[in-house]
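Shown next: input.pdb, containing PDB, C-alpha atoms and all ligand atoms.
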ATOM      1  CA  MET A 851      73.440 -22.513 -82.565
ATOM      2  CA  ARG A 852      70.117 -20.871 -81.716
ATOM      3  CA  GLU A 853      69.395 -23.576 -79.138
ATOM      4  CA  ILE A 854      72.751 -22.933 -77.531
ATOM      5  CA  LEU A 855      72.058 -19.203 -77.462
ATOM      6  CA  ILE A 856      68.668 -19.749 -75.837
ATOM      7  CA  SER A 857      70.023 -22.123 -73.203
ATOM      8  CA  GLN A 858      72.756 -19.623 -72.370
ATOM      9  CA  LYS A 859      70.132 -16.935 -71.949
ATOM     10  CA  ILE A 860      68.071 -19.152 -69.648
ATOM     11  CA  GLU A 861      71.194 -19.754 -67.582
ATOM     12  CA  HIS A 862      71.752 -16.008 -67.458
ATOM     13  CA  ASN A 863      68.153 -15.412 -66.412
ATOM     14  CA  LYS A 864      68.683 -17.217 -63.135
ATOM     15  CA  GLU A 865      70.408 -14.120 -61.816
ATOM     16  CA  TYR A 866      68.078 -11.454 -60.511
ATOM     17  CA  HIS A 867      68.297  -7.703 -59.978
ATOM     18  CA  ALA A 868      68.842  -7.294 -56.274
ATOM     19  CA  LEU A 869      68.016  -3.572 -56.405
ATOM     20  CA  CYS A 870      65.039  -1.792 -57.944
ATOM     21  CA  PRO A 871      66.045  -0.334 -61.360
ATOM     22  CA  ASN A 872      63.962   2.758 -60.598
ATOM     23  CA  CYS A 873      64.667   3.747 -56.984
ATOM     24  CA  SER A 874      67.625   1.432 -56.126
ATOM     25  CA  SER A 875      65.787   0.101 -53.077
ATOM     26  CA  GLY A 876      66.724  -3.390 -51.935
ATOM     27  CA  SER A 877      63.077  -4.138 -51.059
ATOM     28  CA  VAL A 878      62.525  -6.203 -54.173
ATOM     29  CA  SER A 879      60.631  -9.475 -54.213
ATOM     30  CA  ILE A 880      59.533 -11.878 -56.909
ATOM     31  CA  LEU A 881      55.877 -11.575 -57.807
ATOM     32  CA  LEU A 882      55.551 -14.372 -60.345
ATOM     33  CA  GLU A 883      57.332 -16.225 -63.131
ATOM     34  CA  THR A 884      56.089 -15.979 -66.684
ATOM     35  CA  SER A 885      57.300 -16.915 -70.172
ATOM     36  CA  ASP A 886      57.941 -15.342 -73.523
ATOM     37  CA  PHE A 887      54.869 -17.033 -75.024
ATOM     38  CA  LYS A 888      55.209 -15.155 -78.272
ATOM     39  CA  PHE A 889      58.672 -16.149 -79.363
ATOM     40  CA  SER A 890      61.521 -17.680 -77.357
ATOM     41  CA  GLU A 891      59.542 -19.552 -74.637
ATOM     42  CA  GLU A 892      62.234 -18.466 -72.165
ATOM     43  CA  LYS A 893      61.127 -17.939 -68.587
ATOM     44  CA  PHE A 894      61.407 -14.546 -66.914
ATOM     45  CA  ALA A 895      60.664 -13.573 -63.343
ATOM     46  CA  ILE A 896      58.678 -10.452 -62.591
ATOM     47  CA  SER A 897      59.536  -8.537 -59.435
ATOM     48  CA  LYS A 898      57.965  -5.752 -57.441
ATOM     49  CA  CYS A 899      59.683  -3.021 -55.481
ATOM     50  CA  SER A 900      57.822  -2.374 -52.248
ATOM     51  CA  ASN A 901      59.378   1.102 -51.986
ATOM     52  CA  CYS A 902      58.281   2.682 -55.321
ATOM     53  CA  GLN A 903      55.738  -0.054 -56.290
ATOM     54  CA  LEU A 904      57.369  -0.570 -59.705
ATOM     55  CA  ILE A 905      56.862  -4.030 -61.198
ATOM     56  CA  PHE A 906      59.616  -5.020 -63.615
ATOM     57  CA  THR A 907      60.971  -7.878 -65.725
ATOM     58  CA  GLN A 908      64.016  -9.478 -64.182
ATOM     59  CA  ASN A 909      67.124 -10.020 -66.290
ATOM     60  CA  PRO A 910      65.907  -8.580 -69.564
ATOM     61  CA  PRO A 911      68.215  -8.928 -72.557
ATOM     62  CA  LEU A 912      70.839  -6.248 -73.056
ATOM     63  CA  PRO A 913      69.501  -3.390 -75.191
ATOM     64  CA  SER A 914      71.899  -4.438 -77.961
ATOM     65  CA  GLU A 915      70.389  -7.960 -77.960
ATOM     66  CA  ALA A 916      66.737  -6.975 -77.572
ATOM     67  CA  GLY A 917      66.032  -7.022 -81.329
ATOM     68  CA  TYR A 918      66.210 -10.823 -81.221
ATOM     69  CA  TYR A 919      63.007 -10.915 -79.148
ATOM     70  CA  TYR A 920      61.105  -8.758 -81.605
ATOM     71  CA  LYS A 921      61.566 -11.124 -84.515
ATOM     72  CA  SER A 922      58.127 -12.669 -84.023
ATOM     73  CA  LYS A 923      56.478  -9.288 -84.203
ATOM     74  CA  ASN A 924      55.335  -9.023 -87.758
ATOM     75  CA  TYR A 925      54.211  -5.423 -87.999
ATOM     76  CA  ILE A 926      53.806  -5.499 -91.715
ATOM     77  CA  SER A 927      52.150  -8.606 -93.125
ATOM     78  CA  HIS A 928      48.571  -8.304 -91.898
ATOM     79  CA  SER A 929      48.444  -4.526 -92.040
ATOM     80  CA  ASP A 930      46.889  -4.310 -95.472
ATOM     81  CA  SER A 931      45.100  -7.591 -96.034
ATOM     82  CA  LYS A 932      41.334  -7.122 -95.943
ATOM     83  CA  VAL A 933      40.565 -10.773 -96.681
ATOM     84  CA  GLY A 934      38.558 -12.694 -94.082
ATOM     85  CA  PHE A 935      36.478 -11.806 -91.029
ATOM     86  CA  VAL A 936      39.416 -11.387 -88.608
ATOM     87  CA  ASN A 937      41.200  -8.938 -90.885
ATOM     88  CA  LYS A 938      38.001  -6.993 -91.528
ATOM     89  CA  LEU A 939      37.404  -6.776 -87.781
ATOM     90  CA  TYR A 940      41.041  -5.732 -87.235
ATOM     91  CA  HIS A 941      40.666  -2.901 -89.769
ATOM     92  CA  LEU A 942      37.390  -1.753 -88.243
ATOM     93  CA  VAL A 943      38.779  -1.680 -84.684
ATOM     94  CA  ARG A 944      41.962   0.069 -85.845
ATOM     95  CA  SER A 945      40.001   2.735 -87.652
ATOM     96  CA  ILE A 946      37.760   3.360 -84.604
ATOM     97  CA  MET A 947      40.798   3.568 -82.309
ATOM     98  CA  LEU A 948      42.738   5.940 -84.619
ATOM     99  CA  ASN A 949      39.742   8.228 -84.714
ATOM    100  CA  ARG A 950      39.304   8.111 -80.922
ATOM    101  CA  LYS A 951      42.993   8.847 -80.290
ATOM    102  CA  ARG A 952      42.902  11.841 -82.642
ATOM    103  CA  LYS A 953      39.785  13.224 -80.936
ATOM    104  CA  ILE A 954      41.438  12.916 -77.505
ATOM    105  CA  LEU A 955      44.324  15.071 -78.781
ATOM    106  CA  GLU A 956      42.083  17.607 -80.488
ATOM    107  CA  LYS A 957      40.281  18.283 -77.196
ATOM    108  CA  LEU A 958      43.622  19.133 -75.575
ATOM    109  CA  THR A 959      45.089  21.651 -78.014
ATOM    110  CA  ASN A 960      44.374  23.935 -80.925
ATOM    111  CA  SER A 961      48.026  23.882 -81.978
ATOM    112  CA  ARG A 962      48.846  20.789 -83.942
ATOM    113  CA  LYS A 963      52.540  19.983 -83.777
ATOM    114  CA  ILE A 964      52.991  16.413 -82.637
ATOM    115  CA  LEU A 965      55.854  14.007 -81.991
ATOM    116  CA  ASP A 966      54.830  10.335 -81.887
ATOM    117  CA  ILE A 967      57.519   8.165 -80.278
ATOM    118  CA  GLY A 968      57.297   4.547 -81.454
ATOM    119  CA  SER A 969      55.344   5.519 -84.566
ATOM    120  CA  GLY A 970      55.540   2.005 -86.059
ATOM    121  CA  THR A 971      54.122   1.700 -89.567
ATOM    122  CA  GLY A 972      52.646   5.206 -89.331
ATOM    123  CA  TYR A 973      48.861   4.700 -89.308
ATOM    124  CA  PHE A 974      48.379   7.110 -86.406
ATOM    125  CA  LEU A 975      50.631   9.765 -87.973
ATOM    126  CA  ASN A 976      48.731   9.396 -91.230
ATOM    127  CA  GLU A 977      45.370   9.827 -89.467
ATOM    128  CA  LEU A 978      46.668  13.103 -87.995
ATOM    129  CA  LYS A 979      48.277  14.286 -91.235
ATOM    130  CA  GLN A 980      44.901  13.842 -92.968
ATOM    131  CA  HIS A 981      43.488  16.282 -90.395
ATOM    132  CA  GLN A 982      46.109  19.015 -90.868
ATOM    133  CA  TRP A 983      48.465  18.083 -88.070
ATOM    134  CA  ASN A 984      52.195  18.775 -88.389
ATOM    135  CA  VAL A 985      53.547  15.275 -87.695
ATOM    136  CA  THR A 986      56.955  13.923 -86.660
ATOM    137  CA  GLY A 987      57.592  10.259 -85.880
ATOM    138  CA  VAL A 988      60.400   8.319 -84.222
ATOM    139  CA  GLU A 989      60.629   4.571 -84.711
ATOM    140  CA  ILE A 990      63.390   2.093 -83.853
ATOM    141  CA  SER A 991      62.497  -0.489 -86.537
ATOM    142  CA  GLU A 992      63.981   0.363 -89.919
ATOM    143  CA  GLU A 993      61.505  -1.987 -91.605
ATOM    144  CA  ALA A 994      58.579  -0.059 -90.094
ATOM    145  CA  ARG A 995      60.116   3.308 -91.064
ATOM    146  CA  ILE A 996      60.498   2.166 -94.680
ATOM    147  CA  TYR A 997      56.896   0.911 -94.715
ATOM    148  CA  CYS A 998      55.632   4.222 -93.301
ATOM    149  CA  PHE A 999      57.441   6.210 -95.981
ATOM    150  CA  SER A1000      56.364   4.005 -98.866
ATOM    151  CA  LYS A1001      52.705   3.788 -97.780
ATOM    152  CA  PHE A1002      52.056   7.276 -96.369
ATOM    153  CA  ASN A1003      54.973   9.330 -97.658
ATOM    154  CA  ILE A1004      55.844  10.268 -94.061
ATOM    155  CA  GLN A1005      59.555  10.242 -93.267
ATOM    156  CA  THR A1006      60.076   9.042 -89.683
ATOM    157  CA  HIS A1007      63.344   8.981 -87.780
ATOM    158  CA  ASP A1008      65.426   6.616 -85.706
ATOM    159  CA  PRO A1009      65.595   7.328 -81.942
ATOM    160  CA  SER A1010      68.834   9.375 -82.201
ATOM    161  CA  TYR A1011      66.569  12.108 -83.601
ATOM    162  CA  LEU A1012      65.284  12.774 -80.062
ATOM    163  CA  THR A1013      68.622  14.139 -78.938
ATOM    164  CA  SER A1014      69.571  15.819 -82.226
ATOM    165  CA  LEU A1015      66.675  18.282 -82.469
ATOM    166  CA  LYS A1016      67.320  21.999 -82.239
ATOM    167  CA  VAL A1017      66.355  23.361 -78.833
ATOM    168  CA  ASP A1018      63.736  25.684 -80.332
ATOM    169  CA  GLU A1019      61.846  22.797 -81.945
ATOM    170  CA  LYS A1020      59.200  22.032 -79.386
ATOM    171  CA  PHE A1021      55.983  20.095 -79.636
ATOM    172  CA  ASP A1022      52.403  20.721 -78.486
ATOM    173  CA  ILE A1023      51.795  17.019 -78.009
ATOM    174  CA  ILE A1024      54.137  14.044 -77.538
ATOM    175  CA  THR A1025      52.586  10.565 -77.663
ATOM    176  CA  LEU A1026      53.776   7.127 -76.563
ATOM    177  CA  TRP A1027      51.086   4.577 -77.490
ATOM    178  CA  HIS A1028      52.049   1.287 -75.833
ATOM    179  CA  VAL A1029      55.731   2.171 -76.121
ATOM    180  CA  PHE A1030      56.892   3.369 -72.683
ATOM    181  CA  GLU A1031      56.883  -0.175 -71.259
ATOM    182  CA  HIS A1032      59.495  -1.134 -73.896
ATOM    183  CA  ILE A1033      61.981   1.673 -73.140
ATOM    184  CA  TYR A1034      65.157   0.664 -71.292
ATOM    185  CA  ASP A1035      66.167   4.162 -70.182
ATOM    186  CA  PHE A1036      62.695   5.423 -69.375
ATOM    187  CA  LYS A1037      63.980   8.151 -67.081
ATOM    188  CA  GLY A1038      66.364   9.447 -69.778
ATOM    189  CA  LEU A1039      63.474   9.468 -72.243
ATOM    190  CA  LEU A1040      61.322  11.501 -69.829
ATOM    191  CA  GLU A1041      64.174  14.012 -69.525
ATOM    192  CA  ASN A1042      64.315  14.317 -73.339
ATOM    193  CA  ILE A1043      60.557  14.706 -73.497
ATOM    194  CA  PHE A1044      60.640  17.438 -70.850
ATOM    195  CA  THR A1045      62.983  19.440 -73.117
ATOM    196  CA  LEU A1046      61.016  18.729 -76.297
ATOM    197  CA  LEU A1047      57.544  19.498 -74.928
ATOM    198  CA  LYS A1048      56.224  23.068 -74.846
ATOM    199  CA  ASP A1049      55.551  24.350 -71.323
ATOM    200  CA  ASP A1050      51.794  24.119 -71.910
ATOM    201  CA  GLY A1051      52.123  20.946 -74.020
ATOM    202  CA  LYS A1052      50.732  17.530 -73.164
ATOM    203  CA  LEU A1053      52.394  14.152 -72.974
ATOM    204  CA  ILE A1054      50.148  11.156 -73.689
ATOM    205  CA  VAL A1055      51.248   7.747 -72.419
ATOM    206  CA  ALA A1056      49.207   4.565 -72.973
ATOM    207  CA  VAL A1057      50.386   1.417 -71.171
ATOM    208  CA  PRO A1058      48.951  -1.930 -70.017
ATOM    209  CA  ASN A1059      47.711  -1.788 -66.425
ATOM    210  CA  SER A1060      49.300  -4.386 -64.134
ATOM    211  CA  GLU A1061      46.449  -3.881 -61.635
ATOM    212  CA  SER A1062      43.703  -4.552 -64.184
ATOM    213  CA  TYR A1063      40.947  -7.114 -63.752
ATOM    214  CA  ASP A1064      42.372  -9.256 -66.581
ATOM    215  CA  ALA A1065      45.949  -9.081 -65.163
ATOM    216  CA  ASN A1066      44.626 -10.317 -61.845
ATOM    217  CA  TYR A1067      42.545 -13.039 -63.509
ATOM    218  CA  TYR A1068      45.285 -14.461 -65.776
ATOM    219  CA  LYS A1069      48.289 -13.877 -63.475
ATOM    220  CA  GLU A1070      51.438 -15.494 -65.005
ATOM    221  CA  VAL A1071      49.801 -16.072 -68.403
ATOM    222  CA  TRP A1072      48.497 -12.485 -68.715
ATOM    223  CA  ALA A1073      49.477 -11.364 -72.226
ATOM    224  CA  GLY A1074      50.036  -7.808 -70.970
ATOM    225  CA  TYR A1075      53.318  -8.930 -69.385
ATOM    226  CA  ASP A1076      54.752  -9.808 -72.838
ATOM    227  CA  VAL A1077      58.246 -10.495 -71.474
ATOM    228  CA  PRO A1078      60.999  -9.656 -72.172
ATOM    229  CA  ARG A1079      59.744  -6.984 -74.597
ATOM    230  CA  HIS A1080      57.825  -5.272 -71.799
ATOM    231  CA  LEU A1081      60.416  -4.257 -69.240
ATOM    232  CA  TRP A1082      58.074  -2.356 -66.880
ATOM    233  CA  HIS A1083      54.535  -3.226 -65.789
ATOM    234  CA  PHE A1084      53.006   0.022 -64.600
ATOM    235  CA  SER A1085      50.135   0.751 -62.254
ATOM    236  CA  ILE A1086      48.622   4.191 -61.675
ATOM    237  CA  SER A1087      50.700   4.651 -58.511
ATOM    238  CA  SER A1088      54.072   3.531 -59.896
ATOM    239  CA  LEU A1089      53.743   5.570 -63.094
ATOM    240  CA  SER A1090      52.570   8.617 -61.193
ATOM    241  CA  GLN A1091      55.612   8.454 -58.891
ATOM    242  CA  ILE A1092      58.057   8.112 -61.833
ATOM    243  CA  LEU A1093      56.449  10.979 -63.755
ATOM    244  CA  SER A1094      56.486  13.281 -60.773
ATOM    245  CA  SER A1095      60.209  12.610 -60.176
ATOM    246  CA  LYS A1096      60.860  13.904 -63.725
ATOM    247  CA  GLY A1097      58.720  17.046 -63.552
ATOM    248  CA  PHE A1098      55.395  15.756 -64.822
ATOM    249  CA  ASN A1099      51.915  15.547 -63.395
ATOM    250  CA  ILE A1100      48.998  13.330 -64.450
ATOM    251  CA  ASP A1101      45.989  15.514 -65.396
ATOM    252  CA  GLN A1102      43.569  12.819 -66.527
ATOM    253  CA  ILE A1103      43.352   9.061 -66.932
ATOM    254  CA  LYS A1104      41.226   7.512 -69.664
ATOM    255  CA  ARG A1105      40.221   3.889 -70.147
ATOM    256  CA  MET A1106      41.107   1.648 -73.107
ATOM    257  CA  PRO A1107      38.560  -1.114 -72.367
ATOM    258  CA  PHE A1108      38.792  -2.796 -75.789
ATOM    259  CA  ASP A1109      42.373  -3.794 -75.016
ATOM    260  CA  GLY A1110      40.876  -6.108 -72.366
ATOM    261  CA  TYR A1111      39.240  -8.288 -75.029
ATOM    262  CA  TYR A1112      42.405  -8.511 -77.102
ATOM    263  CA  VAL A1113      44.682  -9.182 -74.106
ATOM    264  CA  SER A1114      42.254 -11.792 -72.709
ATOM    265  CA  LEU A1115      42.088 -13.644 -76.034
ATOM    266  CA  LEU A1116      45.893 -13.639 -76.235
ATOM    267  CA  SER A1117      46.110 -14.856 -72.626
ATOM    268  CA  GLU A1118      43.762 -17.747 -73.473
ATOM    269  CA  ALA A1119      46.074 -18.582 -76.386
ATOM    270  CA  ASN A1120      48.943 -18.698 -73.849
ATOM    271  CA  LEU A1121      46.891 -21.219 -71.844
ATOM    272  CA  LYS A1122      46.274 -23.255 -75.028
ATOM    273  CA  ASN A1123      42.627 -23.653 -74.030
ATOM    274  CA  ARG A1124      40.498 -25.438 -76.620
ATOM    275  CA  PHE A1125      37.543 -23.100 -76.108
ATOM    276  CA  GLY A1126      39.695 -20.148 -75.104
ATOM    277  CA  PHE A1127      37.944 -17.853 -77.536
ATOM    278  CA  ILE A1128      34.727 -18.017 -75.513
ATOM    279  CA  ASN A1129      36.387 -17.562 -72.122
ATOM    280  CA  GLY A1130      38.684 -14.814 -73.442
ATOM    281  CA  PHE A1131      35.700 -12.876 -74.700
ATOM    282  CA  LYS A1132      33.924 -13.394 -71.369
ATOM    283  CA  VAL A1133      36.913 -12.184 -69.305
ATOM    284  CA  GLY A1134      37.380  -9.213 -71.658
ATOM    285  CA  PHE A1135      33.705  -8.345 -71.201
ATOM    286  CA  ILE A1136      33.877  -8.579 -67.385
ATOM    287  CA  SER A1137      37.073  -6.487 -67.397
ATOM    288  CA  HIS A1138      35.242  -3.924 -69.541
ATOM    289  CA  ILE A1139      32.228  -3.752 -67.190
ATOM    290  CA  VAL A1140      34.373  -3.617 -64.033
ATOM    291  CA  SER A1141      36.441  -0.779 -65.554
ATOM    292  CA  LEU A1142      33.274   1.298 -66.039
ATOM    293  CA  PHE A1143      32.938   1.433 -62.258
ATOM    294  CA  LYS A1144      36.622   1.334 -61.334
ATOM    295  CA  LYS A1145      39.029   2.891 -63.819
ATOM    296  CA  SER A1146      42.045   1.433 -61.987
ATOM    297  CA  LYS A1147      40.875  -2.053 -63.086
ATOM    298  CA  CYS A1148      40.906  -1.264 -66.819
ATOM    299  CA  SER A1149      43.189  -3.419 -68.985
ATOM    300  CA  SER A1150      45.096  -0.466 -70.459
ATOM    301  CA  LEU A1151      45.070   3.201 -69.498
ATOM    302  CA  ILE A1152      45.779   6.444 -71.294
ATOM    303  CA  TYR A1153      47.513   9.050 -69.142
ATOM    304  CA  ILE A1154      47.264  12.720 -70.094
ATOM    305  CA  ILE A1155      50.225  14.479 -68.556
ATOM    306  CA  SER A1156      51.465  18.063 -68.087
ATOM    307  CA  LYS A1157      54.787  19.559 -67.109
ATOM    308  CA  THR A1158      55.015  20.642 -63.486
ATOM    309  CA  LYS A1159      55.615  24.380 -63.628
ATOM    310  CA  ASN A1160      58.219  24.675 -60.918
ATOM    311  CA  HIS A1161      60.319  21.636 -61.875
ATOM    312  CA  VAL A1162      64.018  22.445 -62.299
TER     313      VAL A1162
HETATM  314 ZN    ZN B1201      61.732   0.962 -56.458
END

Kindly return the structure encoded in the file as structure tokens.
Ligand SMILES: [Zn+2]
Amino acid sequence: MREILISQKIEHNKEYHALCPNCSSGSVSILLETSDFKFSEEKFAISKCSNCQLIFTQNPPLPSEAGYYYKSKNYISHSDSKVGFVNKLYHLVRSIMLNRKRKILEKLTNSRKILDIGSGTGYFLNELKQHQWNVTGVEISEEARIYCFSKFNIQTHDPSYLTSLKVDEKFDIITLWHVFEHIYDFKGLLENIFTLLKDDGKLIVAVPNSESYDANYYKEVWAGYDVPRHLWHFSISSLSQILSSKGFNIDQIKRMPFDGYYVSLLSEANLKNRFGFINGFKVGFISHIVSLFKKSKCSSLIYIISKTKNHV
């Protein structure tokens, strides 16, 4: 049955979006073809719109069927195991990153009311709660919400919460850490965020960078594509154009160079290279060094965003 389902989906994937899902331009061409290396092994084309520069996954699953492609993502199992070198390293890197993310926010505001969209198992919300932030989380996975509540005693909400809030409940900071590239209706989400964010609030968006050194090096096996879970593959110019059409402006861009090591190692795994670990580390290192001189080549970027004052 599953094989039949997959073959039907492959059949379906031969049809392509003729128009850009962002700007409806017909100037869309295929950039490359990649695979769902993580789970289904189905092939997906990636296209680029020459009008708005958006790069996007062709023929993604319907939103109602997308959960199928997340089955390989085990958010829970390795979260708490501290056995072995890899898990110890994972915990160390996570703790450094949580701390760095919190410090970025604390430089932006003295008020501490935050909404984290795509809060997952809640480690980031917990880091903030420990430092006297007023935290709210939204997460689509029920399993992750249950984990977050049982481990951290933080009650997070399903996405319908975003449209059910009272109008006077506004946030100082709204964060999307590697989430925006998964959102089907990204324009609708930006409209919600515009309403939910205080006028002097900040929106933080972290996404993989499709113009990074490692994306250019690995091309169709670049793990940052992660199709069909990643629907959009942003660059500085495409994201900036989308944000400005919804009343936002990019204030600052920060690098996430350590993502380059992780993404390069995963890309080597996609290549099934015997000594991929060594090459992955090398490519991650080069990506890191290049990004020090040219931010636009960094594997992932953090965008710090404000509302445009005169947007209607
Ligand atoms: Zn377009």

- Item | Within-12 Å residues of ligand ZN 1201 (chain B), basis only C-alpha atoms and all ligand atoms, as a VMD selection string | chain A and resid 867 to 879 897 to 906 1082 1084 1087 to 1089 1091 to 1092

- A:Arg1079, A:Glu992, A:Phe1127, A:Leu881 ranked by distance to A:Glu915, top pick (using all atoms listed in the file):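 Checking each candidate against A:Glu915, we get A:Arg1079 as the closest.
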
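Among A:Pro910, A:Leu882, A:Ile1103, A:Gly972, the residue with the shortest atom-to-atom distance to A:Val1077, counting all atoms listed in the file, is A:Pro910.
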
- Message: Applying the PyMOL selection byres (((chain A and resi 1145-1162) around 7) and not hetatm) to the file I just gave you, which residues come out? Please list them as JSON, numbers by chain.
- Response: {"A": [1049, 1051, 1052, 1053, 1054, 1055, 1056, 1057, 1058, 1059, 1061, 1062, 1063, 1064, 1097, 1098, 1099, 1100, 1101, 1102, 1103, 1104, 1105, 1106, 1107, 1109, 1110, 1137, 1138, 1140, 1141, 1142, 1143, 1144]}

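Among the candidates A:His1080, A:Lys1096, A:Lys1122, A:His981, the residue lying nearest to A:Glu1031 is A:His1080 (atoms considered: only C-alpha atoms).
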
- Atom-to-atom span, atom CA of A:Glu1118 and atom CA of A:Gly1130, Å: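 So the two atoms, atom CA of A:Glu1118 and atom CA of A:Gly1130, lie 5.9 Å apart.
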